[in-house]
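Asks: File name upload24.cif; file contents mmCIF, C-alpha atoms; chains and numbers go by the auth columns; full text below.
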data_final
loop_
_atom_site.group_PDB
_atom_site.id
_atom_site.type_symbol
_atom_site.label_atom_id
_atom_site.label_comp_id
_atom_site.label_asym_id
_atom_site.label_seq_id
_atom_site.Cartn_x
_atom_site.Cartn_y
_atom_site.Cartn_z
_atom_site.B_iso_or_equiv
_atom_site.auth_seq_id
_atom_site.auth_asym_id
ATOM 1 C CA ALA A 1 57.155 108.649 102.416 0.00 1 I
ATOM 2 C CA ALA A 2 59.937 109.989 100.215 0.00 2 I
ATOM 3 C CA THR A 3 61.085 112.436 102.910 0.00 3 I
ATOM 4 C CA ALA A 4 61.109 109.731 105.588 0.00 4 I
ATOM 5 C CA THR A 5 62.976 107.397 103.226 0.00 5 I
ATOM 6 C CA GLY A 6 65.505 110.112 102.414 0.00 6 I
ATOM 7 C CA ALA A 7 66.034 110.790 106.120 0.00 7 I
ATOM 8 C CA ALA A 8 66.452 107.055 106.772 0.00 8 I
ATOM 9 C CA ALA A 9 69.073 106.807 104.025 0.00 9 I
ATOM 10 C CA ALA A 10 70.905 109.899 105.314 0.00 10 I
ATOM 11 C CA ASN A 11 70.991 108.513 108.863 0.00 11 I
ATOM 12 C CA GLY A 12 72.110 105.039 107.812 0.00 12 I
ATOM 13 C CA ALA A 13 68.857 103.358 108.887 0.00 13 I
ATOM 14 C CA MET A 14 68.738 100.644 106.256 0.00 14 I
ATOM 15 C CA LEU A 15 65.579 98.783 107.296 0.00 15 I
ATOM 16 C CA PRO A 16 63.131 101.590 106.365 0.00 16 I
ATOM 17 C CA LEU A 17 65.007 102.115 103.104 0.00 17 I
ATOM 18 C CA VAL A 18 64.906 98.409 102.230 0.00 18 I
ATOM 19 C CA LEU A 19 61.225 98.193 103.170 0.00 19 I
ATOM 20 C CA PHE A 20 60.394 101.200 100.982 0.00 20 I
ATOM 21 C CA THR A 21 62.380 99.705 98.096 0.00 21 I
ATOM 22 C CA VAL A 22 60.590 96.357 98.366 0.00 22 I
ATOM 23 C CA LEU A 23 57.177 98.059 98.495 0.00 23 I
ATOM 24 C CA LEU A 24 58.097 100.252 95.510 0.00 24 I
ATOM 25 C CA ALA A 25 59.211 97.163 93.578 0.00 25 I
ATOM 26 C CA ILE A 26 55.901 95.433 94.345 0.00 26 I
ATOM 27 C CA ALA A 27 53.970 98.525 93.245 0.00 27 I
ATOM 28 C CA ILE A 28 55.971 98.687 89.998 0.00 28 I
ATOM 29 C CA ALA A 29 55.355 94.975 89.398 0.00 29 I
ATOM 30 C CA ARG A 30 51.592 95.596 89.778 0.00 30 I
ATOM 31 C CA SER A 31 51.660 98.613 87.386 0.00 31 I
ATOM 32 C CA PRO A 32 50.367 98.425 83.804 0.00 32 I
ATOM 33 C CA ALA A 33 52.881 96.921 81.366 0.00 33 I
ATOM 34 C CA ALA A 34 53.730 100.211 79.625 0.00 34 I
ATOM 35 C CA SER A 35 54.377 102.029 82.926 0.00 35 I
ATOM 36 C CA ARG A 36 56.359 99.092 84.271 0.00 36 I
ATOM 37 C CA ALA A 37 58.576 98.983 81.156 0.00 37 I
ATOM 38 C CA ALA A 38 59.241 102.730 81.363 0.00 38 I
ATOM 39 C CA LEU A 39 60.121 102.558 85.054 0.00 39 I
ATOM 40 C CA LEU A 40 62.323 99.492 84.626 0.00 40 I
ATOM 41 C CA GLY A 41 64.156 101.188 81.752 0.00 41 I
ATOM 42 C CA PHE A 42 64.696 104.279 83.872 0.00 42 I
ATOM 43 C CA PHE A 43 65.991 102.335 86.874 0.00 43 I
ATOM 44 C CA ARG A 44 68.213 100.154 84.665 0.00 44 I
ATOM 45 C CA ALA A 45 69.762 103.285 83.111 0.00 45 I
ATOM 46 C CA LEU A 46 70.135 104.875 86.545 0.00 46 I
ATOM 47 C CA SER A 47 71.809 101.717 87.834 0.00 47 I
ATOM 48 C CA ASP A 48 74.266 101.687 84.930 0.00 48 I
ATOM 49 C CA ALA A 49 75.091 105.358 85.517 0.00 49 I
ATOM 50 C CA MET A 50 75.588 104.821 89.262 0.00 50 I
ATOM 51 C CA LEU A 51 77.874 101.825 88.674 0.00 51 I
ATOM 52 C CA MET A 52 79.983 103.947 86.305 0.00 52 I
ATOM 53 C CA LEU A 53 80.122 106.751 88.891 0.00 53 I
ATOM 54 C CA VAL A 54 81.251 104.316 91.596 0.00 54 I
ATOM 55 C CA HIS A 55 83.905 102.981 89.204 0.00 55 I
ATOM 56 C CA TRP A 56 85.277 106.505 88.697 0.00 56 I
ATOM 57 C CA ILE A 57 85.275 107.177 92.438 0.00 57 I
ATOM 58 C CA VAL A 58 87.169 103.946 93.122 0.00 58 I
ATOM 59 C CA LEU A 59 89.780 104.960 90.553 0.00 59 I
ATOM 60 C CA LEU A 60 90.245 108.369 92.218 0.00 60 I
ATOM 61 C CA ALA A 61 90.084 107.134 95.829 0.00 61 I
ATOM 62 C CA PRO A 62 93.861 106.628 96.276 0.00 62 I
ATOM 63 C CA ILE A 63 94.464 110.285 95.440 0.00 63 I
ATOM 64 C CA GLY A 64 91.866 111.338 98.017 0.00 64 I
ATOM 65 C CA VAL A 65 93.312 109.051 100.689 0.00 65 I
ATOM 66 C CA PHE A 66 96.789 110.417 100.019 0.00 66 I
ATOM 67 C CA GLY A 67 95.429 113.959 100.321 0.00 67 I
ATOM 68 C CA LEU A 68 93.773 113.132 103.641 0.00 68 I
ATOM 69 C CA MET A 69 96.842 111.387 105.047 0.00 69 I
ATOM 70 C CA LEU A 70 99.369 114.037 103.984 0.00 70 I
ATOM 71 C CA PRO A 71 98.576 116.516 106.802 0.00 71 I
ATOM 72 C CA LEU A 72 98.659 113.688 109.372 0.00 72 I
ATOM 73 C CA GLY A 73 102.070 112.596 108.159 0.00 73 I
ATOM 74 C CA ALA A 74 103.368 116.170 107.972 0.00 74 I
ATOM 75 C CA HIS A 75 102.310 117.029 111.546 0.00 75 I
ATOM 76 C CA GLY A 76 102.676 113.681 113.273 0.00 76 I
ATOM 77 C CA GLY A 77 105.834 112.412 111.656 0.00 77 I
ATOM 78 C CA VAL A 78 107.109 108.861 111.779 0.00 78 I
ATOM 79 C CA GLY A 79 105.297 108.014 115.040 0.00 79 I
ATOM 80 C CA HIS A 80 101.871 108.434 113.512 0.00 80 I
ATOM 81 C CA ALA A 81 102.946 106.695 110.328 0.00 81 I
ATOM 82 C CA GLY A 82 104.093 103.674 112.355 0.00 82 I
ATOM 83 C CA ALA A 83 100.843 103.547 114.309 0.00 83 I
ATOM 84 C CA VAL A 84 98.740 103.780 111.161 0.00 84 I
ATOM 85 C CA GLY A 85 100.993 101.159 109.524 0.00 85 I
ATOM 86 C CA PHE A 86 100.416 98.802 112.463 0.00 86 I
ATOM 87 C CA TYR A 87 96.656 99.298 112.209 0.00 87 I
ATOM 88 C CA ILE A 88 96.709 98.636 108.461 0.00 88 I
ATOM 89 C CA ALA A 89 98.803 95.479 108.904 0.00 89 I
ATOM 90 C CA ALA A 90 96.619 94.133 111.741 0.00 90 I
ATOM 91 C CA TYR A 91 93.401 94.924 109.865 0.00 91 I
ATOM 92 C CA SER A 92 94.763 93.322 106.677 0.00 92 I
ATOM 93 C CA ILE A 93 95.804 90.128 108.436 0.00 93 I
ATOM 94 C CA GLY A 94 92.483 89.931 110.306 0.00 94 I
ATOM 95 C CA SER A 95 90.487 90.445 107.098 0.00 95 I
ATOM 96 C CA VAL A 96 92.440 87.814 105.178 0.00 96 I
ATOM 97 C CA LEU A 97 92.005 85.287 108.007 0.00 97 I
ATOM 98 C CA PHE A 98 88.267 86.026 108.195 0.00 98 I
ATOM 99 C CA VAL A 99 87.884 85.516 104.434 0.00 99 I
ATOM 100 C CA LEU A 100 89.868 82.279 104.601 0.00 100 I
ATOM 101 C CA LEU A 101 87.471 81.021 107.280 0.00 101 I
ATOM 102 C CA LEU A 102 84.417 81.930 105.206 0.00 102 I
ATOM 103 C CA TYR A 103 85.521 80.302 101.930 0.00 103 I
ATOM 104 C CA PRO A 104 85.170 76.683 103.157 0.00 104 I
ATOM 105 C CA ALA A 105 81.807 77.510 104.745 0.00 105 I
ATOM 106 C CA LEU A 106 80.618 78.960 101.458 0.00 106 I
ATOM 107 C CA ALA A 107 81.850 75.915 99.525 0.00 107 I
ATOM 108 C CA LEU A 108 79.798 73.658 101.792 0.00 108 I
ATOM 109 C CA VAL A 109 76.621 75.736 101.808 0.00 109 I
ATOM 110 C CA ALA A 110 76.547 76.891 98.165 0.00 110 I
ATOM 111 C CA ARG A 111 78.157 73.764 96.718 0.00 111 I
ATOM 112 C CA THR A 112 80.422 75.985 94.644 0.00 112 I
ATOM 113 C CA PRO A 113 84.086 75.043 94.255 0.00 113 I
ATOM 114 C CA MET A 114 86.314 77.499 96.109 0.00 114 I
ATOM 115 C CA PRO A 115 88.526 78.294 93.060 0.00 115 I
ATOM 116 C CA ALA A 116 85.455 79.151 90.951 0.00 116 I
ATOM 117 C CA PHE A 117 84.033 81.334 93.708 0.00 117 I
ATOM 118 C CA ALA A 118 87.411 83.036 94.199 0.00 118 I
ATOM 119 C CA ARG A 119 87.625 83.915 90.490 0.00 119 I
ATOM 120 C CA GLY A 120 84.201 85.528 90.677 0.00 120 I
ATOM 121 C CA ALA A 121 84.488 87.232 94.053 0.00 121 I
ATOM 122 C CA LEU A 122 88.166 88.195 94.318 0.00 122 I
ATOM 123 C CA PRO A 123 88.023 91.411 92.225 0.00 123 I
ATOM 124 C CA GLY A 124 85.133 92.729 94.315 0.00 124 I
ATOM 125 C CA GLN A 125 86.781 91.596 97.535 0.00 125 I
ATOM 126 C CA LEU A 126 90.009 93.380 96.626 0.00 126 I
ATOM 127 C CA ILE A 127 88.133 96.618 95.977 0.00 127 I
ATOM 128 C CA ALA A 128 86.171 96.261 99.224 0.00 128 I
ATOM 129 C CA PHE A 129 89.364 95.439 101.127 0.00 129 I
ATOM 130 C CA SER A 130 91.396 98.308 99.712 0.00 130 I
ATOM 131 C CA SER A 131 88.633 100.911 99.962 0.00 131 I
ATOM 132 C CA SER A 132 86.826 99.605 103.085 0.00 132 I
ATOM 133 C CA SER A 133 83.633 100.111 101.116 0.00 133 I
ATOM 134 C CA SER A 134 81.317 97.292 100.176 0.00 134 I
ATOM 135 C CA ILE A 135 79.286 99.669 97.998 0.00 135 I
ATOM 136 C CA ALA A 136 82.407 100.492 95.972 0.00 136 I
ATOM 137 C CA SER A 137 82.878 96.786 95.276 0.00 137 I
ATOM 138 C CA LEU A 138 79.390 96.364 93.822 0.00 138 I
ATOM 139 C CA PRO A 139 80.285 96.798 90.120 0.00 139 I
ATOM 140 C CA ALA A 140 83.067 94.198 90.364 0.00 140 I
ATOM 141 C CA LEU A 141 80.855 91.841 92.379 0.00 141 I
ATOM 142 C CA VAL A 142 78.054 92.041 89.815 0.00 142 I
ATOM 143 C CA GLU A 143 80.476 91.452 86.950 0.00 143 I
ATOM 144 C CA GLY A 144 82.134 88.503 88.688 0.00 144 I
ATOM 145 C CA ALA A 145 78.837 86.927 89.708 0.00 145 I
ATOM 146 C CA GLU A 146 77.382 87.155 86.225 0.00 146 I
ATOM 147 C CA GLN A 147 80.471 86.359 84.143 0.00 147 I
ATOM 148 C CA GLU A 148 82.491 83.978 86.320 0.00 148 I
ATOM 149 C CA LEU A 149 79.771 82.281 88.344 0.00 149 I
ATOM 150 C CA GLY A 150 77.075 82.417 85.667 0.00 150 I
ATOM 151 C CA LEU A 151 74.386 83.853 87.939 0.00 151 I
ATOM 152 C CA PRO A 152 71.407 85.490 86.222 0.00 152 I
ATOM 153 C CA ALA A 153 71.270 89.293 86.090 0.00 153 I
ATOM 154 C CA ASN A 154 67.892 89.451 87.836 0.00 154 I
ATOM 155 C CA VAL A 155 69.385 87.597 90.833 0.00 155 I
ATOM 156 C CA THR A 156 72.610 89.621 91.045 0.00 156 I
ATOM 157 C CA GLY A 157 70.691 92.857 90.473 0.00 157 I
ATOM 158 C CA PHE A 158 68.634 92.236 93.604 0.00 158 I
ATOM 159 C CA VAL A 159 70.774 90.130 95.939 0.00 159 I
ATOM 160 C CA LEU A 160 74.138 91.882 95.627 0.00 160 I
ATOM 161 C CA PRO A 161 72.931 95.491 96.174 0.00 161 I
ATOM 162 C CA LEU A 162 70.857 94.283 99.128 0.00 162 I
ATOM 163 C CA ALA A 163 73.816 92.368 100.552 0.00 163 I
ATOM 164 C CA VAL A 164 76.368 95.185 100.245 0.00 164 I
ATOM 165 C CA SER A 165 73.990 97.686 101.834 0.00 165 I
ATOM 166 C CA THR A 166 72.900 95.515 104.763 0.00 166 I
ATOM 167 C CA LEU A 167 75.662 92.971 105.479 0.00 167 I
ATOM 168 C CA LYS A 168 78.755 94.645 106.816 0.00 168 I
ATOM 169 C CA PHE A 169 81.624 92.161 106.641 0.00 169 I
ATOM 170 C CA ALA A 170 84.248 94.551 108.020 0.00 170 I
ATOM 171 C CA GLY A 171 82.546 95.020 111.399 0.00 171 I
ATOM 172 C CA PRO A 172 83.633 91.779 113.089 0.00 172 I
ATOM 173 C CA VAL A 173 87.208 92.443 111.978 0.00 173 I
ATOM 174 C CA ALA A 174 87.444 96.233 112.256 0.00 174 I
ATOM 175 C CA TRP A 175 85.826 96.758 115.663 0.00 175 I
ATOM 176 C CA PRO A 176 88.179 94.592 117.751 0.00 176 I
ATOM 177 C CA ILE A 177 91.249 95.748 115.836 0.00 177 I
ATOM 178 C CA GLY A 178 90.097 99.370 116.073 0.00 178 I
ATOM 179 C CA ALA A 179 89.599 98.991 119.819 0.00 179 I
ATOM 180 C CA MET A 180 93.093 97.532 120.188 0.00 180 I
ATOM 181 C CA PHE A 181 94.523 100.329 118.064 0.00 181 I
ATOM 182 C CA VAL A 182 92.906 103.030 120.197 0.00 182 I
#
Could you express the structure from this file as structure tokens?
Replies:
Amino acid sequence: AATATGAAAANGAMLPLVLFTVLLAIAIARSPAASRAALLGFFRALSDAMLMLVHWIVLLAPIGVFGLMLPLGAHGGVGHAGAVGFYIAAYSIGSVLFVLLLYPALALVARTPMPAFARGALPGQLIAFSSSSSIASLPALVEGAEQELGLPANVTGFVLPLAVSTLKFAGPVAWPIGAMFV
């Protein structure tokens, strides 16, 4: 099962990975108390370490992006820079408009005032927007949900990792803009 789960994770097939994780969680919940406490402690420590690693990667990402873009700019010149600039501007405007459409819907469904939600979600959204990675935004989302919105850690620890790994917000914005760019 571990090999199939590893292959599913490597290939981006999230459903088998989520199913395995849910079954593992149920098995841990049914374990004896001492085993369950040891496993929960291990996974909590692993989670803290992974969140710190993601934080470091987010801090270093601009240097990596600059390093990747430097050869393109050196060989393509101003023409490529203008095309990439147009894509970035169109994607940015599309993402902001999409978020602005979702905020009122969230306020109605969750009965959370938009300013309160914005204070909790904006740091994570800015990281996701600037890095195009919902996984990179997870530490900021967890912090905002727990500190600003007052959500319990057991809820944010399950819902947010599941959401950032399965719900891909950028798709409805990036695919049409990417098609127009090409």
Asks: Could you name the residues that touch Pro123 (chain I) at 9 Å or less, counting all atoms listed in the file, but leaving out those on the same chain fewer than 5 positions away, as an MDAnalysis selection string?
Replies: chainID I and resid 118 128 137 140:141 144
Asks: I need the residue set behind the PyMOL selection byres ((chain I and resi 99-108) around 12) for this file; please write it as a PyMOL selection string.
Replies: chain I and resi 92-98+109-118+121-122+125-126+129+169-170+172-173
Asks: Residues at most 12 Å from region 74-85 of chain I, counting only C-alpha atoms, excluding those fewer than 4 positions away in the same chain, as a PyMOL selection string?
Replies: chain I and resi 66-70+89-92+177-178+180-182
Asks: Could you work out an axis-aligned bounding box for all listed atoms of region 140-155 of chain I, with 8 Å added on each of the six sides, and give its centre and edge lengths in Å to one decimal, as AutoDock Vina command-line options?
Replies:
--center_x 75.5 --center_y 88.2 --center_z 88.3 --size_x 31.2 --size_y 27.9 --size_z 24.2
Asks: Evaluating the PyMOL selection byres ((chain I and resi 19-30) around 9) on the displayed file yields which residues, as an mmCIF file with C-alpha atoms, in the coordinates of the input?
Replies:
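Output below, filename part33.cif:
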data_model
loop_
_atom_site.group_PDB
_atom_site.id
_atom_site.type_symbol
_atom_site.label_atom_id
_atom_site.label_comp_id
_atom_site.auth_asym_id
_atom_site.auth_seq_id
_atom_site.Cartn_x
_atom_site.Cartn_y
_atom_site.Cartn_z
ATOM 1 C CA ALA I 1 57.155 108.649 102.416
ATOM 2 C CA ALA I 2 59.937 109.989 100.215
ATOM 3 C CA THR I 5 62.976 107.397 103.226
ATOM 4 C CA MET I 14 68.738 100.644 106.256
ATOM 5 C CA LEU I 15 65.579 98.783 107.296
ATOM 6 C CA PRO I 16 63.131 101.590 106.365
ATOM 7 C CA LEU I 17 65.007 102.115 103.104
ATOM 8 C CA VAL I 18 64.906 98.409 102.230
ATOM 9 C CA SER I 31 51.660 98.613 87.386
ATOM 10 C CA PRO I 32 50.367 98.425 83.804
ATOM 11 C CA ALA I 33 52.881 96.921 81.366
ATOM 12 C CA SER I 35 54.377 102.029 82.926
ATOM 13 C CA ARG I 36 56.359 99.092 84.271
ATOM 14 C CA LEU I 39 60.121 102.558 85.054
ATOM 15 C CA LEU I 40 62.323 99.492 84.626
#
Asks: Using only C-alpha atoms for the distances, tell me which of I:Ser133, I:Gly64, I:Glu146, I:Pro139 is nearest to Ala49 (chain I).
Replies: I:Pro139
Asks: Please list as a PyMOL selection string every residue within 12 Å of Met50 (chain I), counting all atoms listed in the file and excluding residues in the same chain fewer than 3 positions away.
Replies: chain I and resi 43-47+53-57+135-136+138-139+161
Asks: Find, counting all atoms listed in the file, the residue in I:Ile88, I:Arg119, I:Ala61, I:Ala34 that gets nearest to Leu149 (chain I).
Replies: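 Ranked by minimum distance to Leu149 (chain I), first place goes to I:Arg119.
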Asks: Record the distance separating CA of Gly171 (chain I) and CA of Val159 (chain I), expressed in Å with one decimal.
Replies: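 About the pair CA of Gly171 (chain I) and CA of Val159 (chain I): they are 20.0 Å apart.
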Asks: So how far away is CA of Gly124 (chain I) from CA of Leu167 (chain I), in Å?
Replies: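 Between CA of Leu167 (chain I) and CA of Gly124 (chain I) the gap is 14.6 Å.
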Asks: Measure the distance from CA of Ser130 (chain I) to CA of Pro152 (chain I) in Å and round it to one decimal.
Replies: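 For CA of Ser130 (chain I) relative to CA of Pro152 (chain I), the distance reads 27.3 Å.
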Asks: Would you mind completing region 67-100 of chain I to N, CA and C atoms and writing the output as a short mmCIF file (atom, residue, chain, number, x, y, z; two decimals), in the frame of the given file?
Replies:
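File out_33.cif, as written:
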data_model
loop_
_atom_site.label_atom_id
_atom_site.label_comp_id
_atom_site.auth_asym_id
_atom_site.auth_seq_id
_atom_site.Cartn_x
_atom_site.Cartn_y
_atom_site.Cartn_z
N GLY I 67 95.66 112.58 99.91
CA GLY I 67 95.43 113.96 100.32
C GLY I 67 94.99 114.07 101.77
N LEU I 68 94.21 113.11 102.24
CA LEU I 68 93.77 113.13 103.64
C LEU I 68 94.89 112.75 104.60
N MET I 69 95.77 111.86 104.17
CA MET I 69 96.84 111.39 105.05
C MET I 69 98.05 112.33 105.07
N LEU I 70 98.22 113.16 104.06
CA LEU I 70 99.37 114.04 103.98
C LEU I 70 99.50 114.97 105.19
N PRO I 71 98.43 115.66 105.61
CA PRO I 71 98.58 116.52 106.80
C PRO I 71 98.92 115.72 108.07
N LEU I 72 98.34 114.53 108.21
CA LEU I 72 98.66 113.69 109.37
C LEU I 72 100.14 113.34 109.38
N GLY I 73 100.65 112.94 108.24
CA GLY I 73 102.07 112.60 108.16
C GLY I 73 102.96 113.80 108.36
N ALA I 74 102.55 114.96 107.84
CA ALA I 74 103.37 116.17 107.97
C ALA I 74 103.43 116.64 109.42
N HIS I 75 102.33 116.54 110.16
CA HIS I 75 102.31 117.03 111.55
C HIS I 75 102.73 115.97 112.55
N GLY I 76 102.41 114.73 112.30
CA GLY I 76 102.68 113.68 113.27
C GLY I 76 104.02 112.99 113.10
N GLY I 77 104.55 113.02 111.91
CA GLY I 77 105.83 112.41 111.66
C GLY I 77 105.78 110.89 111.62
N VAL I 78 106.93 110.31 111.89
CA VAL I 78 107.11 108.86 111.78
C VAL I 78 106.29 108.10 112.83
N GLY I 79 106.07 108.68 113.99
CA GLY I 79 105.30 108.01 115.04
C GLY I 79 103.89 107.70 114.60
N HIS I 80 103.22 108.68 114.01
CA HIS I 80 101.87 108.43 113.51
C HIS I 80 101.88 107.46 112.34
N ALA I 81 102.87 107.59 111.49
CA ALA I 81 102.95 106.70 110.33
C ALA I 81 103.12 105.25 110.80
N GLY I 82 103.91 105.03 111.82
CA GLY I 82 104.09 103.67 112.36
C GLY I 82 102.82 103.13 112.97
N ALA I 83 102.10 103.99 113.69
CA ALA I 83 100.84 103.55 114.31
C ALA I 83 99.80 103.21 113.25
N VAL I 84 99.69 104.05 112.24
CA VAL I 84 98.74 103.78 111.16
C VAL I 84 99.17 102.53 110.39
N GLY I 85 100.48 102.36 110.19
CA GLY I 85 100.99 101.16 109.52
C GLY I 85 100.67 99.90 110.30
N PHE I 86 100.78 99.96 111.63
CA PHE I 86 100.42 98.80 112.46
C PHE I 86 98.94 98.49 112.32
N TYR I 87 98.10 99.51 112.36
CA TYR I 87 96.66 99.30 112.21
C TYR I 87 96.35 98.66 110.86
N ILE I 88 96.96 99.17 109.81
CA ILE I 88 96.71 98.64 108.46
C ILE I 88 97.15 97.18 108.38
N ALA I 89 98.32 96.86 108.94
CA ALA I 89 98.80 95.48 108.90
C ALA I 89 97.89 94.56 109.71
N ALA I 90 97.49 94.97 110.91
CA ALA I 90 96.62 94.13 111.74
C ALA I 90 95.25 93.95 111.08
N TYR I 91 94.70 95.01 110.53
CA TYR I 91 93.40 94.92 109.86
C TYR I 91 93.50 94.02 108.63
N SER I 92 94.58 94.15 107.88
CA SER I 92 94.76 93.32 106.68
C SER I 92 94.86 91.85 107.03
N ILE I 93 95.65 91.52 108.02
CA ILE I 93 95.80 90.13 108.44
C ILE I 93 94.48 89.58 108.96
N GLY I 94 93.79 90.37 109.79
CA GLY I 94 92.48 89.93 110.31
C GLY I 94 91.47 89.71 109.20
N SER I 95 91.43 90.60 108.21
CA SER I 95 90.49 90.44 107.10
C SER I 95 90.79 89.22 106.26
N VAL I 96 92.06 88.99 105.98
CA VAL I 96 92.44 87.81 105.18
C VAL I 96 92.08 86.53 105.93
N LEU I 97 92.35 86.48 107.22
CA LEU I 97 92.00 85.29 108.01
C LEU I 97 90.50 85.07 108.04
N PHE I 98 89.73 86.14 108.17
CA PHE I 98 88.27 86.03 108.20
C PHE I 98 87.74 85.49 106.86
N VAL I 99 88.29 85.99 105.76
CA VAL I 99 87.88 85.52 104.43
C VAL I 99 88.25 84.05 104.27
N LEU I 100 89.45 83.68 104.72
CA LEU I 100 89.87 82.28 104.60
C LEU I 100 88.99 81.34 105.42
#
